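One file, model25.tsv, is given below (TSV, C-alpha atoms).
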```
chain	number	residue	atom	x	y	z
I	1	MET	CA	2.62	106.21	111.11
I	2	LEU	CA	0.37	103.73	112.93
I	3	ASP	CA	0.24	103.29	116.71
I	4	ALA	CA	-1.28	99.99	117.80
I	5	THR	CA	-0.97	97.23	120.37
I	6	CYS	CA	0.75	93.89	120.00
I	7	PRO	CA	-1.89	91.18	119.42
I	8	ASN	CA	0.17	88.77	121.53
I	9	CYS	CA	1.05	90.76	124.68
I	10	GLY	CA	-0.85	94.06	124.37
I	11	ALA	CA	2.28	96.24	124.47
I	12	PRO	CA	2.31	99.41	122.34
I	13	ILE	CA	3.89	99.06	118.90
I	14	ARG	CA	4.43	101.61	116.17
I	15	PHE	CA	4.64	101.22	112.39
I	16	ARG	CA	6.41	104.26	110.95
I	17	SER	CA	6.02	103.30	107.31
I	18	ASN	CA	2.90	102.23	105.41
I	19	ASP	CA	5.11	100.08	103.17
I	20	LEU	CA	6.59	97.89	105.92
I	21	PRO	CA	4.28	95.04	106.93
I	22	VAL	CA	6.28	93.49	109.79
I	23	LYS	CA	7.15	94.79	113.26
I	24	VAL	CA	8.99	92.79	115.93
I	25	CYS	CA	7.42	93.59	119.30
I	26	ASP	CA	10.04	95.08	121.63
I	27	TYR	CA	8.44	93.37	124.65
I	28	CYS	CA	7.45	89.81	123.74
I	29	ARG	CA	9.54	89.41	120.53
I	30	SER	CA	6.49	88.41	118.48
I	31	SER	CA	6.63	89.08	114.76
I	32	VAL	CA	3.50	91.15	114.05
I	33	LEU	CA	2.18	91.11	110.48
I	34	ARG	CA	0.04	94.01	109.30
I	35	THR	CA	-2.49	93.27	106.55
I	36	GLY	CA	-4.61	96.33	105.89
I	37	GLY	CA	-5.91	97.32	109.31
I	38	ASN	CA	-5.48	93.85	110.81
I	39	LEU	CA	-2.55	92.80	113.00
I	40	GLN	CA	-1.54	89.17	113.47
I	41	ALA	CA	1.20	87.66	115.62
I	42	ILE	CA	2.91	85.10	113.38
I	43	GLY	CA	5.55	83.68	115.71
I	44	LYS	CA	8.36	84.48	118.12
I	45	ILE	CA	11.63	86.02	116.91
I	46	ALA	CA	15.00	85.23	118.43
I	47	GLU	CA	16.69	88.12	120.22
I	48	VAL	CA	19.61	89.66	118.36
I	49	PRO	CA	22.85	88.59	120.09
I	50	ASP	CA	24.94	91.36	121.60
I	51	ASP	CA	27.81	92.55	119.44
I	52	VAL	CA	30.21	95.48	119.28
I	53	SER	CA	28.41	97.36	116.52
I	54	PRO	CA	28.22	101.14	117.07
I	55	LEU	CA	24.93	101.11	115.16
I	56	GLN	CA	21.55	100.62	116.84
I	57	LEU	CA	17.89	101.28	116.16
I	58	GLY	CA	17.24	105.01	116.18
I	59	VAL	CA	20.59	106.02	114.69
I	60	ARG	CA	20.10	108.84	112.21
I	61	GLY	CA	22.23	109.62	109.20
I	62	ARG	CA	22.25	111.05	105.72
I	63	ASP	CA	22.92	109.76	102.24
I	64	GLY	CA	23.48	112.80	100.06
I	65	ALA	CA	20.62	115.20	100.67
I	66	GLN	CA	18.33	112.52	102.14
I	67	GLY	CA	18.18	111.94	105.89
I	68	PHE	CA	17.31	108.52	107.29
I	69	GLU	CA	16.73	106.62	110.53
I	70	LEU	CA	17.65	102.99	111.24
I	71	ILE	CA	14.38	101.25	112.15
I	72	GLY	CA	15.08	97.53	111.71
I	73	ARG	CA	17.84	94.94	111.66
I	74	VAL	CA	18.39	91.44	110.34
I	75	ARG	CA	21.39	89.45	111.56
I	76	TRP	CA	22.56	86.94	108.94
I	77	ARG	CA	24.95	84.00	109.39
I	78	TYR	CA	26.97	82.04	106.84
I	79	ALA	CA	29.70	79.42	107.03
I	80	ASP	CA	32.51	81.89	107.79
I	81	GLY	CA	30.79	84.43	110.02
I	82	ALA	CA	27.84	86.82	110.34
I	83	TRP	CA	26.85	90.37	109.46
I	84	ASN	CA	24.11	92.94	110.10
I	85	GLU	CA	21.72	94.52	107.64
I	86	TRP	CA	20.08	97.65	109.04
I	87	LEU	CA	16.87	98.94	107.44
I	88	ALA	CA	17.05	102.69	106.82
I	89	LEU	CA	13.80	104.67	106.50
I	90	PHE	CA	14.46	107.84	104.52
I	91	ASP	CA	12.67	111.11	105.13
I	92	ASP	CA	10.85	110.75	101.79
I	93	GLY	CA	9.39	107.38	102.87
I	94	SER	CA	11.72	105.21	100.79
I	95	THR	CA	13.95	102.56	102.33
I	96	GLY	CA	17.46	101.19	101.94
I	97	TRP	CA	19.85	98.92	103.80
I	98	VAL	CA	23.06	99.71	105.65
I	99	GLY	CA	25.16	96.56	105.45
I	100	GLU	CA	27.71	96.15	108.25
I	101	SER	CA	30.46	93.55	108.08
I	102	MET	CA	33.91	93.49	109.70
I	103	GLY	CA	33.87	97.22	110.38
I	104	ARG	CA	32.84	98.21	106.84
I	105	TYR	CA	29.54	99.82	105.88
I	106	MET	CA	27.53	99.79	102.67
I	107	MET	CA	24.55	101.97	101.80
I	108	LEU	CA	22.37	99.96	99.43
I	109	ARG	CA	19.11	100.91	97.72
I	110	PRO	CA	16.78	98.50	95.86
I	111	ILE	CA	16.54	98.84	92.09
I	112	GLU	CA	14.00	97.62	89.56
I	113	HIS	CA	15.42	94.64	87.66
I	114	SER	CA	12.48	93.00	85.90
I	115	GLY	CA	13.96	93.78	82.49
I	116	MET	CA	17.57	93.25	83.50
I	117	ARG	CA	19.56	90.81	81.40
I	118	THR	CA	22.45	90.54	83.85
I	119	THR	CA	23.66	86.93	83.78
I	120	ILE	CA	23.93	86.80	87.57
I	121	VAL	CA	20.24	87.59	88.06
I	122	ARG	CA	19.25	84.96	85.51
I	123	GLN	CA	21.58	82.35	87.05
I	124	LEU	CA	20.24	83.01	90.53
I	125	ARG	CA	16.62	82.82	89.35
I	126	ASP	CA	17.35	79.49	87.64
I	127	GLY	CA	19.16	78.01	90.64
I	128	GLN	CA	22.54	77.93	88.88
I	129	PRO	CA	25.75	78.57	90.85
I	130	VAL	CA	27.39	81.99	90.61
I	131	ALA	CA	31.19	81.87	90.79
I	132	PRO	CA	33.33	84.53	92.48
I	133	GLY	CA	35.04	86.68	89.87
I	134	THR	CA	32.01	86.66	87.55
I	135	GLU	CA	31.60	90.09	85.95
I	136	ALA	CA	28.30	91.94	85.70
I	137	THR	CA	27.02	95.34	84.61
I	138	ILE	CA	24.14	96.82	86.61
I	139	ASP	CA	22.69	100.22	85.72
I	140	GLY	CA	25.78	100.98	83.65
I	141	VAL	CA	28.25	100.17	86.44
I	142	ASP	CA	30.74	97.30	86.05
I	143	TYR	CA	31.02	94.89	89.00
I	144	TRP	CA	32.68	91.60	89.86
I	145	VAL	CA	31.37	88.95	92.24
I	146	SER	CA	33.37	88.98	95.48
I	147	ASP	CA	31.34	86.34	97.33
I	148	ALA	CA	28.44	83.94	96.81
I	149	LYS	CA	26.97	82.11	99.78
I	150	ASP	CA	23.94	80.50	101.40
I	151	VAL	CA	22.84	82.42	104.49
I	152	THR	CA	20.38	82.03	107.38
I	153	VAL	CA	18.77	84.50	109.76
I	154	VAL	CA	20.12	84.54	113.32
I	155	ALA	CA	17.61	87.09	114.64
I	156	SER	CA	15.84	90.33	113.76
I	157	GLU	CA	14.35	93.41	115.39
I	158	GLY	CA	12.33	96.54	114.62
I	159	GLU	CA	10.34	97.18	111.45
I	160	LEU	CA	11.04	95.10	108.36
I	161	PRO	CA	9.71	94.51	104.83
I	162	PHE	CA	9.47	90.76	105.53
I	163	SER	CA	9.27	88.35	108.44
I	164	ALA	CA	12.76	87.17	109.43
I	165	PRO	CA	12.46	84.25	111.88
I	166	LEU	CA	15.42	82.23	113.11
I	167	GLY	CA	16.62	79.88	110.38
I	168	LEU	CA	15.13	81.73	107.39
I	169	MET	CA	17.35	80.83	104.42
I	170	ALA	CA	18.46	82.84	101.40
I	171	THR	CA	21.21	83.02	98.80
I	172	SER	CA	23.35	86.14	98.81
I	173	ILE	CA	25.70	87.40	96.08
I	174	ASP	CA	28.06	90.29	96.90
I	175	LEU	CA	29.57	92.42	94.14
I	176	ASN	CA	32.24	95.14	94.12
I	177	GLY	CA	32.82	97.92	91.62
I	178	HIS	CA	36.08	99.62	90.73
I	179	ASP	CA	35.50	102.94	92.52
I	180	GLY	CA	33.87	102.09	95.85
I	181	GLU	CA	30.62	100.82	94.34
I	182	CYS	CA	28.96	97.71	95.71
I	183	ALA	CA	25.88	95.65	94.95
I	184	SER	CA	23.96	92.74	96.39
I	185	VAL	CA	21.73	90.20	94.65
I	186	GLN	CA	19.61	88.05	96.95
I	187	LYS	CA	17.21	85.17	96.39
I	188	ASP	CA	14.71	84.33	99.13
I	189	LYS	CA	13.14	81.00	100.04
I	190	ASP	CA	10.28	81.60	97.59
I	191	GLY	CA	12.64	82.14	94.69
I	192	GLU	CA	12.17	85.92	94.50
I	193	VAL	CA	15.31	87.82	93.47
I	194	GLU	CA	16.10	91.35	94.69
I	195	VAL	CA	18.90	93.63	93.47
I	196	TYR	CA	20.48	96.41	95.53
I	197	THR	CA	23.19	98.87	94.51
I	198	GLY	CA	25.18	101.49	96.38
I	199	ARG	CA	28.66	102.15	97.70
I	200	TYR	CA	30.94	101.65	100.66
I	201	MET	CA	30.74	104.54	103.13
I	202	SER	CA	32.32	105.35	106.48
I	203	LEU	CA	30.24	106.30	109.52
I	204	ALA	CA	31.47	109.86	109.01
I	205	GLU	CA	30.27	109.84	105.38
I	206	LEU	CA	26.91	108.51	106.61
I	207	HIS	CA	26.80	111.42	109.12
I	208	ALA	CA	25.73	108.87	111.74
I	209	THR	CA	24.37	110.20	115.04
I	210	GLY	CA	22.96	108.37	118.07
I	211	LEU	CA	25.69	105.71	118.00
I	212	ARG	CA	26.19	103.22	120.82
I	213	SER	CA	28.97	104.11	123.24
I	214	PHE	CA	31.57	101.62	124.46
I	215	GLU	CA	34.00	101.93	127.31
I	216	GLY	CA	37.42	102.80	125.96
I	217	TRP	CA	36.09	103.87	122.57
I	218	PRO	CA	35.98	107.66	122.23
I	219	MET	CA	32.93	108.91	120.39
I	220	PRO	CA	33.84	110.33	116.97
I	221	GLU	CA	33.32	114.05	116.47
I	222	PHE	CA	30.68	113.56	113.76
I	223	ARG	CA	28.30	111.72	116.12
I	224	ALA	CA	26.69	114.87	117.57
```

Can you turn what I pasted into structure tokens?
Amino acid sequence: MLDATCPNCGAPIRFRSNDLPVKVCDYCRSSVLRTGGNLQAIGKIAEVPDDVSPLQLGVRGRDGAQGFELIGRVRWRYADGAWNEWLALFDDGSTGWVGESMGRYMMLRPIEHSGMRTTIVRQLRDGQPVAPGTEATIDGVDYWVSDAKDVTVVASEGELPFSAPLGLMATSIDLNGHDGECASVQKDKDGEVEVYTGRYMSLAELHATGLRSFEGWPMPEFRA
């Protein structure tokens, strides 16, 4: 954990993970890049628009035996809508993403794919289109492509593994398994491909606590 001050406005900022180089200042919305012991403000970040998500920074949960805290968010937009990706910092220092779209939640963890021969990864690397319905096997699990789309960042907040300014573009491939499994393959603006695997989970299965409250929405029993 590193406590510092924002190089743009002087407000206190905190990096809770040594592996996350970017922090969005809560006060001036500057994206602060950490390189070694140096901090640099690299631009303003748009404020995340208000939504009806029960999730928020600081929510704690558990995936199996591992506890986590939500410490960052990226809001993505595509032609038919938008969704949230929440960065989860696990108690062992590793990270994952809680994807949130249309009331459904996915716990996704990054996997090593440098030796992977999955056609989808190769197609994405080579700039070839990936069609919905395409089948793929990742780490021994069979998936099919449910969606393939170009996406842009609406806004971001908290701590992140990369800078996510307004308008940042990427390609996102969503995959579903046959027993609640899900996966995501993403290609960033620099051509780097990342693969994430996991499964759909309810807020109760995530043991989520610290949820946002809304008038007329009774807090679920598992929140406490």

Residues of range 144-204 of chain I that approach range 23-36 of chain I to 7 Å or less, counting all atoms listed in the file: could you list each one with the shortest pair of atoms and its distance in Å to one decimal, rows by chain and increasing residue number, as a tab-separated table?
```
residue	atom	partner	partner_atom	distance
I:Glu157	CA	I:Val24	CA	5.4
I:Gly158	CA	I:Val24	CA	5.2
I:Glu159	CA	I:Lys23	CA	4.4
I:Leu160	CA	I:Lys23	CA	6.3
I:Ser163	CA	I:Ser31	CA	6.9
```

What gap, in Å, lies between CA of Phe68 in chain I and CA of Val98 in chain I? 10.6 Å

Excluding same-chain residues fewer than 5 positions from Ile13 in chain I, what lies within 7 Å of it counting all atoms listed in the file, as a list in words? Asp3, Ala4, Thr5, Cys6 and Cys25 of chain I

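Going from CA of Asp91 in chain I over to CA of Phe15 in chain I, you cover 14.7 Å.
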
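Residue nearest Ser213 in chain I, chosen from I:Met1, I:Val52, I:Val74, I:Cys9 and counting all atoms listed in the file: I:Val52.
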
Where atoms are missing, can you supply N, CA and C atoms for range 130-142 of chain I and output the lot as a PDB file, in the coordinates of the input?
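Written out: out-v5.pdb:
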```pdb
ATOM      1  N   VAL I 130      26.734  80.775  91.065  1.00  0.00           N
ATOM      2  CA  VAL I 130      27.390  81.990  90.610  1.00  0.00           C
ATOM      3  C   VAL I 130      28.804  81.987  91.194  1.00  0.00           C
ATOM      4  N   ALA I 131      29.806  82.007  90.335  1.00  0.00           N
ATOM      5  CA  ALA I 131      31.190  81.870  90.790  1.00  0.00           C
ATOM      6  C   ALA I 131      31.793  83.222  91.123  1.00  0.00           C
ATOM      7  N   PRO I 132      32.568  83.305  92.208  1.00  0.00           N
ATOM      8  CA  PRO I 132      33.330  84.530  92.480  1.00  0.00           C
ATOM      9  C   PRO I 132      34.199  84.895  91.281  1.00  0.00           C
ATOM     10  N   GLY I 133      34.295  86.190  91.023  1.00  0.00           N
ATOM     11  CA  GLY I 133      35.040  86.680  89.870  1.00  0.00           C
ATOM     12  C   GLY I 133      34.167  86.938  88.664  1.00  0.00           C
ATOM     13  N   THR I 134      32.928  86.413  88.668  1.00  0.00           N
ATOM     14  CA  THR I 134      32.010  86.660  87.550  1.00  0.00           C
ATOM     15  C   THR I 134      31.763  88.158  87.413  1.00  0.00           C
ATOM     16  N   GLU I 135      31.790  88.663  86.200  1.00  0.00           N
ATOM     17  CA  GLU I 135      31.600  90.090  85.950  1.00  0.00           C
ATOM     18  C   GLU I 135      30.135  90.370  85.614  1.00  0.00           C
ATOM     19  N   ALA I 136      29.676  91.551  85.980  1.00  0.00           N
ATOM     20  CA  ALA I 136      28.300  91.940  85.700  1.00  0.00           C
ATOM     21  C   ALA I 136      28.227  93.452  85.558  1.00  0.00           C
ATOM     22  N   THR I 137      27.283  93.908  84.760  1.00  0.00           N
ATOM     23  CA  THR I 137      27.020  95.340  84.610  1.00  0.00           C
ATOM     24  C   THR I 137      25.596  95.599  85.071  1.00  0.00           C
ATOM     25  N   ILE I 138      25.438  96.484  86.052  1.00  0.00           N
ATOM     26  CA  ILE I 138      24.140  96.820  86.610  1.00  0.00           C
ATOM     27  C   ILE I 138      23.971  98.328  86.550  1.00  0.00           C
ATOM     28  N   ASP I 139      22.938  98.786  85.874  1.00  0.00           N
ATOM     29  CA  ASP I 139      22.690 100.220  85.720  1.00  0.00           C
ATOM     30  C   ASP I 139      23.920 100.961  85.201  1.00  0.00           C
ATOM     31  N   GLY I 140      24.632 100.341  84.274  1.00  0.00           N
ATOM     32  CA  GLY I 140      25.780 100.980  83.650  1.00  0.00           C
ATOM     33  C   GLY I 140      27.063 100.932  84.444  1.00  0.00           C
ATOM     34  N   VAL I 141      27.052 100.283  85.607  1.00  0.00           N
ATOM     35  CA  VAL I 141      28.250 100.170  86.440  1.00  0.00           C
ATOM     36  C   VAL I 141      28.793  98.745  86.336  1.00  0.00           C
ATOM     37  N   ASP I 142      30.104  98.612  86.159  1.00  0.00           N
ATOM     38  CA  ASP I 142      30.740  97.300  86.050  1.00  0.00           C
ATOM     39  C   ASP I 142      31.113  96.789  87.446  1.00  0.00           C
TER      40      ASP I 142
END
```
